[in-house]
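Chemist: Got a file for you: start-v7.cif, mmCIF, N, CA and C atoms, pLDDT in the B column; chains and numbers go by the auth columns.
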```cif
data_upload
#
loop_
_atom_site.group_PDB
_atom_site.id
_atom_site.type_symbol
_atom_site.label_atom_id
_atom_site.label_comp_id
_atom_site.label_asym_id
_atom_site.label_seq_id
_atom_site.Cartn_x
_atom_site.Cartn_y
_atom_site.Cartn_z
_atom_site.B_iso_or_equiv
_atom_site.auth_seq_id
_atom_site.auth_asym_id
ATOM 1 N N GLY A 1 83.091 85.673 84.571 69.00 100 O
ATOM 2 C CA GLY A 1 83.510 86.018 85.901 69.00 100 O
ATOM 3 C C GLY A 1 84.740 86.893 85.853 69.00 100 O
ATOM 4 N N VAL A 2 84.999 87.523 86.939 67.00 101 O
ATOM 5 C CA VAL A 2 86.149 88.415 87.085 67.00 101 O
ATOM 6 C C VAL A 2 86.975 87.934 88.268 67.00 101 O
ATOM 7 N N ILE A 3 88.259 87.850 88.067 70.00 102 O
ATOM 8 C CA ILE A 3 89.171 87.530 89.161 70.00 102 O
ATOM 9 C C ILE A 3 89.896 88.804 89.532 70.00 102 O
ATOM 10 N N ASP A 4 89.776 89.204 90.780 65.00 103 O
ATOM 11 C CA ASP A 4 90.443 90.412 91.273 65.00 103 O
ATOM 12 C C ASP A 4 91.728 89.987 91.973 65.00 103 O
ATOM 13 N N TRP A 5 92.863 90.242 91.354 68.00 104 O
ATOM 14 C CA TRP A 5 94.145 89.851 91.909 68.00 104 O
ATOM 15 C C TRP A 5 94.735 90.941 92.803 68.00 104 O
ATOM 16 N N GLY A 6 94.011 92.011 93.054 66.00 105 O
ATOM 17 C CA GLY A 6 94.530 93.156 93.796 66.00 105 O
ATOM 18 C C GLY A 6 95.023 92.839 95.186 66.00 105 O
ATOM 19 N N ASP A 7 94.400 91.902 95.869 65.00 106 O
ATOM 20 C CA ASP A 7 94.805 91.582 97.240 65.00 106 O
ATOM 21 C C ASP A 7 95.525 90.250 97.346 65.00 106 O
ATOM 22 N N LEU A 8 95.938 89.699 96.250 69.00 107 O
ATOM 23 C CA LEU A 8 96.619 88.414 96.260 69.00 107 O
ATOM 24 C C LEU A 8 98.082 88.628 96.615 69.00 107 O
ATOM 25 N N CYS A 9 98.485 88.086 97.753 70.00 108 O
ATOM 26 C CA CYS A 9 99.874 88.206 98.165 70.00 108 O
ATOM 27 C C CYS A 9 100.154 87.215 99.290 70.00 108 O
ATOM 28 N N VAL A 10 101.405 87.056 99.581 74.00 109 O
ATOM 29 C CA VAL A 10 101.803 86.278 100.744 74.00 109 O
ATOM 30 C C VAL A 10 102.097 87.296 101.832 74.00 109 O
ATOM 31 N N ALA A 11 101.303 87.279 102.870 78.00 110 O
ATOM 32 C CA ALA A 11 101.448 88.282 103.927 78.00 110 O
ATOM 33 C C ALA A 11 101.312 87.612 105.285 78.00 110 O
ATOM 34 N N ASP A 12 101.576 88.381 106.282 85.00 111 O
ATOM 35 C CA ASP A 12 101.412 87.908 107.654 85.00 111 O
ATOM 36 C C ASP A 12 99.938 87.602 107.883 85.00 111 O
ATOM 37 N N SER A 13 99.644 86.460 108.461 87.00 112 O
ATOM 38 C CA SER A 13 98.250 86.086 108.703 87.00 112 O
ATOM 39 C C SER A 13 97.576 87.014 109.704 87.00 112 O
ATOM 40 N N ALA A 14 98.353 87.820 110.424 91.00 113 O
ATOM 41 C CA ALA A 14 97.775 88.797 111.341 91.00 113 O
ATOM 42 C C ALA A 14 96.902 89.806 110.588 91.00 113 O
ATOM 43 N N VAL A 15 97.195 90.020 109.314 89.00 114 O
ATOM 44 C CA VAL A 15 96.375 90.928 108.508 89.00 114 O
ATOM 45 C C VAL A 15 94.950 90.382 108.415 89.00 114 O
ATOM 46 N N ASP A 16 94.817 89.120 108.103 87.00 115 O
ATOM 47 C CA ASP A 16 93.490 88.503 108.042 87.00 115 O
ATOM 48 C C ASP A 16 92.864 88.393 109.423 87.00 115 O
ATOM 49 N N LEU A 17 93.656 88.005 110.400 93.00 116 O
ATOM 50 C CA LEU A 17 93.135 87.809 111.746 93.00 116 O
ATOM 51 C C LEU A 17 92.731 89.107 112.435 93.00 116 O
ATOM 52 N N SER A 18 93.217 90.244 111.955 95.00 117 O
ATOM 53 C CA SER A 18 92.828 91.515 112.577 95.00 117 O
ATOM 54 C C SER A 18 91.315 91.704 112.517 95.00 117 O
ATOM 55 N N LEU A 19 90.682 91.152 111.489 93.00 118 O
ATOM 56 C CA LEU A 19 89.220 91.221 111.394 93.00 118 O
ATOM 57 C C LEU A 19 88.559 90.450 112.527 93.00 118 O
ATOM 58 N N ALA A 20 89.150 89.333 112.918 94.00 119 O
ATOM 59 C CA ALA A 20 88.583 88.542 114.017 94.00 119 O
ATOM 60 C C ALA A 20 88.558 89.348 115.306 94.00 119 O
ATOM 61 N N TYR A 21 89.574 90.168 115.522 97.00 120 O
ATOM 62 C CA TYR A 21 89.683 90.904 116.778 97.00 120 O
ATOM 63 C C TYR A 21 88.984 92.262 116.730 97.00 120 O
ATOM 64 N N GLY A 22 89.028 92.952 115.627 97.00 121 O
ATOM 65 C CA GLY A 22 88.357 94.249 115.530 97.00 121 O
ATOM 66 C C GLY A 22 86.891 94.152 115.157 97.00 121 O
ATOM 67 N N GLY A 23 86.519 93.086 114.472 96.00 122 O
ATOM 68 C CA GLY A 23 85.165 92.984 113.951 96.00 122 O
ATOM 69 C C GLY A 23 84.228 92.074 114.719 96.00 122 O
ATOM 70 N N PHE A 24 84.772 91.186 115.528 96.00 123 O
ATOM 71 C CA PHE A 24 83.941 90.195 116.218 96.00 123 O
ATOM 72 C C PHE A 24 84.299 90.119 117.689 96.00 123 O
ATOM 73 N N ALA A 25 83.347 89.663 118.488 95.00 124 O
ATOM 74 C CA ALA A 25 83.567 89.435 119.910 95.00 124 O
ATOM 75 C C ALA A 25 82.749 88.222 120.329 95.00 124 O
ATOM 76 N N GLY A 26 83.031 87.713 121.509 95.00 125 O
ATOM 77 C CA GLY A 26 82.242 86.633 122.085 95.00 125 O
ATOM 78 C C GLY A 26 82.192 85.393 121.221 95.00 125 O
ATOM 79 N N PRO A 27 81.001 84.770 121.141 95.00 126 O
ATOM 80 C CA PRO A 27 80.857 83.508 120.400 95.00 126 O
ATOM 81 C C PRO A 27 81.210 83.632 118.915 95.00 126 O
ATOM 82 N N ALA A 28 80.953 84.786 118.318 95.00 127 O
ATOM 83 C CA ALA A 28 81.275 84.950 116.893 95.00 127 O
ATOM 84 C C ALA A 28 82.782 84.881 116.679 95.00 127 O
ATOM 85 N N ARG A 29 83.556 85.538 117.544 95.00 128 O
ATOM 86 C CA ARG A 29 85.016 85.485 117.421 95.00 128 O
ATOM 87 C C ARG A 29 85.515 84.064 117.701 95.00 128 O
ATOM 88 N N THR A 30 84.953 83.445 118.716 94.00 129 O
ATOM 89 C CA THR A 30 85.352 82.082 119.064 94.00 129 O
ATOM 90 C C THR A 30 85.127 81.143 117.878 94.00 129 O
ATOM 91 N N ALA A 31 83.991 81.264 117.222 95.00 130 O
ATOM 92 C CA ALA A 31 83.684 80.416 116.069 95.00 130 O
ATOM 93 C C ALA A 31 84.639 80.693 114.915 95.00 130 O
ATOM 94 N N LEU A 32 84.921 81.959 114.646 94.00 131 O
ATOM 95 C CA LEU A 32 85.827 82.310 113.560 94.00 131 O
ATOM 96 C C LEU A 32 87.209 81.731 113.820 94.00 131 O
ATOM 97 N N LEU A 33 87.713 81.898 115.050 94.00 132 O
ATOM 98 C CA LEU A 33 89.044 81.402 115.369 94.00 132 O
ATOM 99 C C LEU A 33 89.093 79.878 115.394 94.00 132 O
ATOM 100 N N ALA A 34 88.006 79.233 115.802 95.00 133 O
ATOM 101 C CA ALA A 34 87.952 77.769 115.778 95.00 133 O
ATOM 102 C C ALA A 34 88.047 77.263 114.345 95.00 133 O
ATOM 103 N N ALA A 35 87.371 77.934 113.438 94.00 134 O
ATOM 104 C CA ALA A 35 87.418 77.544 112.031 94.00 134 O
ATOM 105 C C ALA A 35 88.785 77.847 111.421 94.00 134 O
ATOM 106 N N TYR A 36 89.425 78.911 111.886 93.00 135 O
ATOM 107 C CA TYR A 36 90.726 79.314 111.346 93.00 135 O
ATOM 108 C C TYR A 36 91.818 78.318 111.723 93.00 135 O
ATOM 109 N N GLY A 37 91.811 77.908 112.984 93.00 136 O
ATOM 110 C CA GLY A 37 92.852 77.001 113.467 93.00 136 O
ATOM 111 C C GLY A 37 93.692 77.674 114.532 93.00 136 O
ATOM 112 N N PRO A 38 94.732 77.007 114.990 94.00 137 O
ATOM 113 C CA PRO A 38 95.544 77.532 116.088 94.00 137 O
ATOM 114 C C PRO A 38 96.162 78.899 115.765 94.00 137 O
ATOM 115 N N VAL A 39 96.086 79.781 116.752 94.00 138 O
ATOM 116 C CA VAL A 39 96.690 81.113 116.637 94.00 138 O
ATOM 117 C C VAL A 39 97.581 81.299 117.860 94.00 138 O
ATOM 118 N N GLY A 40 98.867 81.396 117.633 95.00 139 O
ATOM 119 C CA GLY A 40 99.815 81.576 118.727 95.00 139 O
ATOM 120 C C GLY A 40 99.710 82.962 119.349 95.00 139 O
ATOM 121 N N ALA A 41 100.294 83.110 120.520 96.00 140 O
ATOM 122 C CA ALA A 41 100.207 84.365 121.266 96.00 140 O
ATOM 123 C C ALA A 41 100.814 85.547 120.507 96.00 140 O
ATOM 124 N N GLU A 42 101.956 85.327 119.851 96.00 141 O
ATOM 125 C CA GLU A 42 102.602 86.414 119.109 96.00 141 O
ATOM 126 C C GLU A 42 101.747 86.857 117.923 96.00 141 O
ATOM 127 N N ARG A 43 101.191 85.898 117.209 95.00 142 O
ATOM 128 C CA ARG A 43 100.336 86.217 116.064 95.00 142 O
ATOM 129 C C ARG A 43 99.070 86.938 116.533 95.00 142 O
ATOM 130 N N GLU A 44 98.503 86.485 117.650 96.00 143 O
ATOM 131 C CA GLU A 44 97.320 87.151 118.192 96.00 143 O
ATOM 132 C C GLU A 44 97.638 88.600 118.544 96.00 143 O
ATOM 133 N N LEU A 45 98.784 88.845 119.172 97.00 144 O
ATOM 134 C CA LEU A 45 99.166 90.205 119.531 97.00 144 O
ATOM 135 C C LEU A 45 99.304 91.074 118.291 97.00 144 O
ATOM 136 N N ARG A 46 99.968 90.560 117.255 96.00 145 O
ATOM 137 C CA ARG A 46 100.110 91.324 116.014 96.00 145 O
ATOM 138 C C ARG A 46 98.750 91.638 115.399 96.00 145 O
ATOM 139 N N ALA A 47 97.847 90.663 115.423 96.00 146 O
ATOM 140 C CA ALA A 47 96.511 90.875 114.858 96.00 146 O
ATOM 141 C C ALA A 47 95.733 91.913 115.652 96.00 146 O
ATOM 142 N N ARG A 48 95.831 91.865 116.967 97.00 147 O
ATOM 143 C CA ARG A 48 95.125 92.841 117.805 97.00 147 O
ATOM 144 C C ARG A 48 95.669 94.247 117.605 97.00 147 O
ATOM 145 N N VAL A 49 96.994 94.376 117.540 97.00 148 O
ATOM 146 C CA VAL A 49 97.608 95.697 117.320 97.00 148 O
ATOM 147 C C VAL A 49 97.182 96.251 115.968 97.00 148 O
ATOM 148 N N LEU A 50 97.194 95.422 114.958 96.00 149 O
ATOM 149 C CA LEU A 50 96.768 95.873 113.636 96.00 149 O
ATOM 150 C C LEU A 50 95.297 96.258 113.643 96.00 149 O
ATOM 151 N N ALA A 51 94.462 95.502 114.338 97.00 150 O
ATOM 152 C CA ALA A 51 93.037 95.837 114.424 97.00 150 O
ATOM 153 C C ALA A 51 92.842 97.197 115.081 97.00 150 O
ATOM 154 N N VAL A 52 93.582 97.462 116.153 98.00 151 O
ATOM 155 C CA VAL A 52 93.485 98.774 116.816 98.00 151 O
ATOM 156 C C VAL A 52 93.920 99.876 115.857 98.00 151 O
ATOM 157 N N PHE A 53 95.029 99.668 115.165 97.00 152 O
ATOM 158 C CA PHE A 53 95.523 100.667 114.218 97.00 152 O
ATOM 159 C C PHE A 53 94.503 100.948 113.117 97.00 152 O
ATOM 160 N N LEU A 54 93.977 99.889 112.501 97.00 153 O
ATOM 161 C CA LEU A 54 93.015 100.073 111.411 97.00 153 O
ATOM 162 C C LEU A 54 91.736 100.759 111.888 97.00 153 O
ATOM 163 N N CYS A 55 91.243 100.351 113.055 98.00 154 O
ATOM 164 C CA CYS A 55 90.030 100.976 113.595 98.00 154 O
ATOM 165 C C CYS A 55 90.283 102.436 113.962 98.00 154 O
ATOM 166 N N ALA A 56 91.473 102.736 114.490 98.00 155 O
ATOM 167 C CA ALA A 56 91.806 104.122 114.836 98.00 155 O
ATOM 168 C C ALA A 56 91.878 104.991 113.578 98.00 155 O
ATOM 169 N N ALA A 57 92.492 104.463 112.521 98.00 156 O
ATOM 170 C CA ALA A 57 92.554 105.216 111.265 98.00 156 O
ATOM 171 C C ALA A 57 91.152 105.448 110.707 98.00 156 O
ATOM 172 N N LEU A 58 90.314 104.431 110.787 98.00 157 O
ATOM 173 C CA LEU A 58 88.933 104.556 110.324 98.00 157 O
ATOM 174 C C LEU A 58 88.166 105.557 111.177 98.00 157 O
ATOM 175 N N ALA A 59 88.405 105.551 112.493 98.00 158 O
ATOM 176 C CA ALA A 59 87.740 106.495 113.389 98.00 158 O
ATOM 177 C C ALA A 59 88.147 107.932 113.067 98.00 158 O
ATOM 178 N N GLU A 60 89.415 108.146 112.776 98.00 159 O
ATOM 179 C CA GLU A 60 89.870 109.492 112.422 98.00 159 O
ATOM 180 C C GLU A 60 89.192 109.972 111.134 98.00 159 O
ATOM 181 N N TYR A 61 89.141 109.106 110.146 98.00 160 O
ATOM 182 C CA TYR A 61 88.471 109.441 108.893 98.00 160 O
ATOM 183 C C TYR A 61 86.999 109.758 109.146 98.00 160 O
ATOM 184 N N ALA A 62 86.341 108.908 109.925 98.00 161 O
ATOM 185 C CA ALA A 62 84.913 109.099 110.194 98.00 161 O
ATOM 186 C C ALA A 62 84.665 110.417 110.919 98.00 161 O
ATOM 187 N N ALA A 63 85.507 110.733 111.880 98.00 162 O
ATOM 188 C CA ALA A 63 85.349 111.988 112.627 98.00 162 O
ATOM 189 C C ALA A 63 85.570 113.194 111.717 98.00 162 O
ATOM 190 N N ASP A 64 86.577 113.106 110.853 98.00 163 O
ATOM 191 C CA ASP A 64 86.887 114.216 109.950 98.00 163 O
ATOM 192 C C ASP A 64 85.812 114.452 108.902 98.00 163 O
ATOM 193 N N THR A 65 85.065 113.414 108.559 98.00 164 O
ATOM 194 C CA THR A 65 84.073 113.533 107.496 98.00 164 O
ATOM 195 C C THR A 65 82.636 113.519 108.016 98.00 164 O
ATOM 196 N N GLY A 66 82.471 113.541 109.336 98.00 165 O
ATOM 197 C CA GLY A 66 81.138 113.614 109.928 98.00 165 O
ATOM 198 C C GLY A 66 80.307 112.351 109.802 98.00 165 O
ATOM 199 N N ARG A 67 80.944 111.219 109.725 98.00 166 O
ATOM 200 C CA ARG A 67 80.219 109.943 109.613 98.00 166 O
ATOM 201 C C ARG A 67 80.089 109.320 111.006 98.00 166 O
ATOM 202 N N GLU A 68 79.053 109.713 111.716 98.00 167 O
ATOM 203 C CA GLU A 68 78.876 109.324 113.115 98.00 167 O
ATOM 204 C C GLU A 68 78.717 107.825 113.309 98.00 167 O
ATOM 205 N N ARG A 69 77.925 107.169 112.474 98.00 168 O
ATOM 206 C CA ARG A 69 77.728 105.710 112.632 98.00 168 O
ATOM 207 C C ARG A 69 79.032 104.962 112.389 98.00 168 O
ATOM 208 N N LEU A 70 79.796 105.401 111.405 98.00 169 O
ATOM 209 C CA LEU A 70 81.087 104.788 111.138 98.00 169 O
ATOM 210 C C LEU A 70 82.043 105.034 112.297 98.00 169 O
ATOM 211 N N LEU A 71 82.024 106.235 112.850 98.00 170 O
ATOM 212 C CA LEU A 71 82.860 106.554 114.001 98.00 170 O
ATOM 213 C C LEU A 71 82.513 105.655 115.181 98.00 170 O
ATOM 214 N N ASP A 72 81.224 105.499 115.445 98.00 171 O
ATOM 215 C CA ASP A 72 80.791 104.633 116.545 98.00 171 O
ATOM 216 C C ASP A 72 81.300 103.202 116.352 98.00 171 O
ATOM 217 N N GLU A 73 81.185 102.680 115.146 97.00 172 O
ATOM 218 C CA GLU A 73 81.609 101.302 114.883 97.00 172 O
ATOM 219 C C GLU A 73 83.133 101.172 114.956 97.00 172 O
ATOM 220 N N ALA A 74 83.861 102.168 114.457 98.00 173 O
ATOM 221 C CA ALA A 74 85.319 102.117 114.525 98.00 173 O
ATOM 222 C C ALA A 74 85.792 102.128 115.981 98.00 173 O
ATOM 223 N N LEU A 75 85.176 102.956 116.805 98.00 174 O
ATOM 224 C CA LEU A 75 85.533 102.996 118.225 98.00 174 O
ATOM 225 C C LEU A 75 85.160 101.686 118.918 98.00 174 O
ATOM 226 N N ALA A 76 84.025 101.115 118.532 98.00 175 O
ATOM 227 C CA ALA A 76 83.636 99.817 119.091 98.00 175 O
ATOM 228 C C ALA A 76 84.638 98.747 118.668 98.00 175 O
ATOM 229 N N GLY A 77 85.154 98.846 117.459 98.00 176 O
ATOM 230 C CA GLY A 77 86.165 97.907 116.983 98.00 176 O
ATOM 231 C C GLY A 77 87.427 97.966 117.813 98.00 176 O
ATOM 232 N N ILE A 78 87.817 99.161 118.215 98.00 177 O
ATOM 233 C CA ILE A 78 88.975 99.293 119.096 98.00 177 O
ATOM 234 C C ILE A 78 88.711 98.566 120.411 98.00 177 O
ATOM 235 N N GLY A 79 87.517 98.775 120.949 97.00 178 O
ATOM 236 C CA GLY A 79 87.148 98.097 122.187 97.00 178 O
ATOM 237 C C GLY A 79 87.157 96.576 122.044 97.00 178 O
ATOM 238 N N ARG A 80 86.649 96.088 120.912 97.00 179 O
ATOM 239 C CA ARG A 80 86.662 94.641 120.686 97.00 179 O
ATOM 240 C C ARG A 80 88.078 94.105 120.563 97.00 179 O
ATOM 241 N N ALA A 81 88.944 94.874 119.904 97.00 180 O
ATOM 242 C CA ALA A 81 90.314 94.424 119.669 97.00 180 O
ATOM 243 C C ALA A 81 91.124 94.291 120.963 97.00 180 O
ATOM 244 N N VAL A 82 90.801 95.098 121.951 96.00 181 O
ATOM 245 C CA VAL A 82 91.570 95.046 123.193 96.00 181 O
ATOM 246 C C VAL A 82 90.914 94.184 124.261 96.00 181 O
ATOM 247 N N ALA A 83 89.668 93.780 124.042 93.00 182 O
ATOM 248 C CA ALA A 83 88.949 92.963 125.021 93.00 182 O
ATOM 249 C C ALA A 83 89.272 91.485 124.828 93.00 182 O
ATOM 250 N N ASP A 84 89.111 90.726 125.883 82.00 183 O
ATOM 251 C CA ASP A 84 89.327 89.273 125.798 82.00 183 O
ATOM 252 C C ASP A 84 88.215 88.575 125.114 82.00 183 O
#
```
Using structure tokens, write down the structure that the file contains.
Modeler:
Amino acid sequence: GVIDWGDLCVADSAVDLSLAYGGFAGPARTALLAAYGPVGAERELRARVLAVFLCAALAEYAADTGRERLLDEALAGIGRAVAD
């Protein structure tokens, strides 16, 4: 087996939670957050802002390189990150 230590660090949990907000919506997000545990309002805000930033950067890359499906998903991620 191989252990990849590249992403091993102590970081703000908003980094992990940004996936919950940019990548999931509705029941899927609810289930992910229920499994994760309590998320305070400040942490949620940081995670949402990071999700918007990451999706925007991905959207710019996708637009610059002509990757339409990736662009569509990145823009949808922004929408998910800002929606309730």
Chemist: When you count only C-alpha atoms, which of these residues is closest to O:Ala127: O:Ala155, O:Arg142, O:Arg179, O:Leu169?
Modeler: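 Using only C-alpha atoms, O:Ala127 sits closest to O:Arg179.
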Chemist: Here is a test: counting only N, CA and C atoms, which residue of O:Val138, O:Leu157, O:Val114, O:Ala124 is nearest to O:Leu170?
Modeler: O:Leu157
Chemist: For each of O:Ala110, O:Leu144, O:Ala130, O:Ala150, take the minimum atom-to-atom distance to O:Ala180, counting only C-alpha atoms, then give the residue where this is smallest.
Modeler: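 Between O:Ala110, O:Leu144, O:Ala130, O:Ala150, the residue approaching O:Ala180 most closely is O:Ala150.
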Chemist: For the file shown, what are the residues hit by the PyMOL selection byres ((chain O and resi 154) around 8), laid out as a tab-separated table (two decimals) with N, CA and C atoms, in the coordinates of the input?
Modeler:
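After the write, out_12.tsv holds the following:
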```
chain	number	residue	atom	x	y	z
O	121	GLY	N	89.03	92.95	115.63
O	121	GLY	CA	88.36	94.25	115.53
O	121	GLY	C	86.89	94.15	115.16
O	148	VAL	N	96.99	94.38	117.54
O	148	VAL	CA	97.61	95.70	117.32
O	148	VAL	C	97.18	96.25	115.97
O	149	LEU	N	97.19	95.42	114.96
O	149	LEU	CA	96.77	95.87	113.64
O	149	LEU	C	95.30	96.26	113.64
O	150	ALA	N	94.46	95.50	114.34
O	150	ALA	CA	93.04	95.84	114.42
O	150	ALA	C	92.84	97.20	115.08
O	151	VAL	N	93.58	97.46	116.15
O	151	VAL	CA	93.48	98.77	116.82
O	151	VAL	C	93.92	99.88	115.86
O	152	PHE	N	95.03	99.67	115.16
O	152	PHE	CA	95.52	100.67	114.22
O	152	PHE	C	94.50	100.95	113.12
O	153	LEU	N	93.98	99.89	112.50
O	153	LEU	CA	93.02	100.07	111.41
O	153	LEU	C	91.74	100.76	111.89
O	155	ALA	N	91.47	102.74	114.49
O	155	ALA	CA	91.81	104.12	114.84
O	155	ALA	C	91.88	104.99	113.58
O	156	ALA	N	92.49	104.46	112.52
O	156	ALA	CA	92.55	105.22	111.26
O	156	ALA	C	91.15	105.45	110.71
O	157	LEU	N	90.31	104.43	110.79
O	157	LEU	CA	88.93	104.56	110.32
O	157	LEU	C	88.17	105.56	111.18
O	158	ALA	N	88.40	105.55	112.49
O	158	ALA	CA	87.74	106.50	113.39
O	158	ALA	C	88.15	107.93	113.07
O	159	GLU	N	89.42	108.15	112.78
O	159	GLU	CA	89.87	109.49	112.42
O	159	GLU	C	89.19	109.97	111.13
O	160	TYR	N	89.14	109.11	110.15
O	160	TYR	CA	88.47	109.44	108.89
O	160	TYR	C	87.00	109.76	109.15
O	172	GLU	N	81.18	102.68	115.15
O	172	GLU	CA	81.61	101.30	114.88
O	172	GLU	C	83.13	101.17	114.96
O	173	ALA	N	83.86	102.17	114.46
O	173	ALA	CA	85.32	102.12	114.52
O	173	ALA	C	85.79	102.13	115.98
O	174	LEU	N	85.18	102.96	116.80
O	174	LEU	CA	85.53	103.00	118.22
O	174	LEU	C	85.16	101.69	118.92
O	175	ALA	N	84.02	101.12	118.53
O	175	ALA	CA	83.64	99.82	119.09
O	175	ALA	C	84.64	98.75	118.67
O	176	GLY	N	85.15	98.85	117.46
O	176	GLY	CA	86.16	97.91	116.98
O	176	GLY	C	87.43	97.97	117.81
O	177	ILE	N	87.82	99.16	118.22
O	177	ILE	CA	88.98	99.29	119.10
O	177	ILE	C	88.71	98.57	120.41
```
Chemist: My list of candidates is O:Ala140, O:Ala134, O:Val181, O:Ala146. Which is closest to O:Asp111 when distances are computed with only C-alpha atoms?
Modeler: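 Of all the options, O:Ala146 lies closest to O:Asp111.
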Chemist: Please compute the atom N of O:Ala161-atom C of O:Gly125 distance, one decimal, in Å.
Modeler: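 Spanning atom N of O:Ala161 to atom C of O:Gly125 is a straight-line distance of 26.4 Å.
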Chemist: Please, what distance in Å, to one decimal, runs between atom CA of O:Arg147 and atom CA of O:Ser117?
Modeler: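 Separation between atom CA of O:Arg147 and atom CA of O:Ser117: 5.9 Å.
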Chemist: Quick check for you: according to DSSP on this backbone, which residues of chain O are classed as helix (DSSP H, G or I)? Reply as a PyMOL selection string.
Modeler: chain O and resi 113-122+125-135+140-164+167-181
Chemist: What is the atom CA of O:Tyr135-atom CA of O:Ser112 distance in Å, reported with one decimal?
Modeler: 10.5 Å
Chemist: Padding 5 Å on each side, edges along x, y and z: where is the centre of the box around the listed atoms of stretch 146-162 of chain O, and how long are its edges in Å to one decimal? Output it as AutoDock Vina command-line options.
Modeler:
```
--center_x 91.3 --center_y 101.9 --center_z 113.3 --size_x 23.2 --size_y 32.5 --size_z 18.9
```
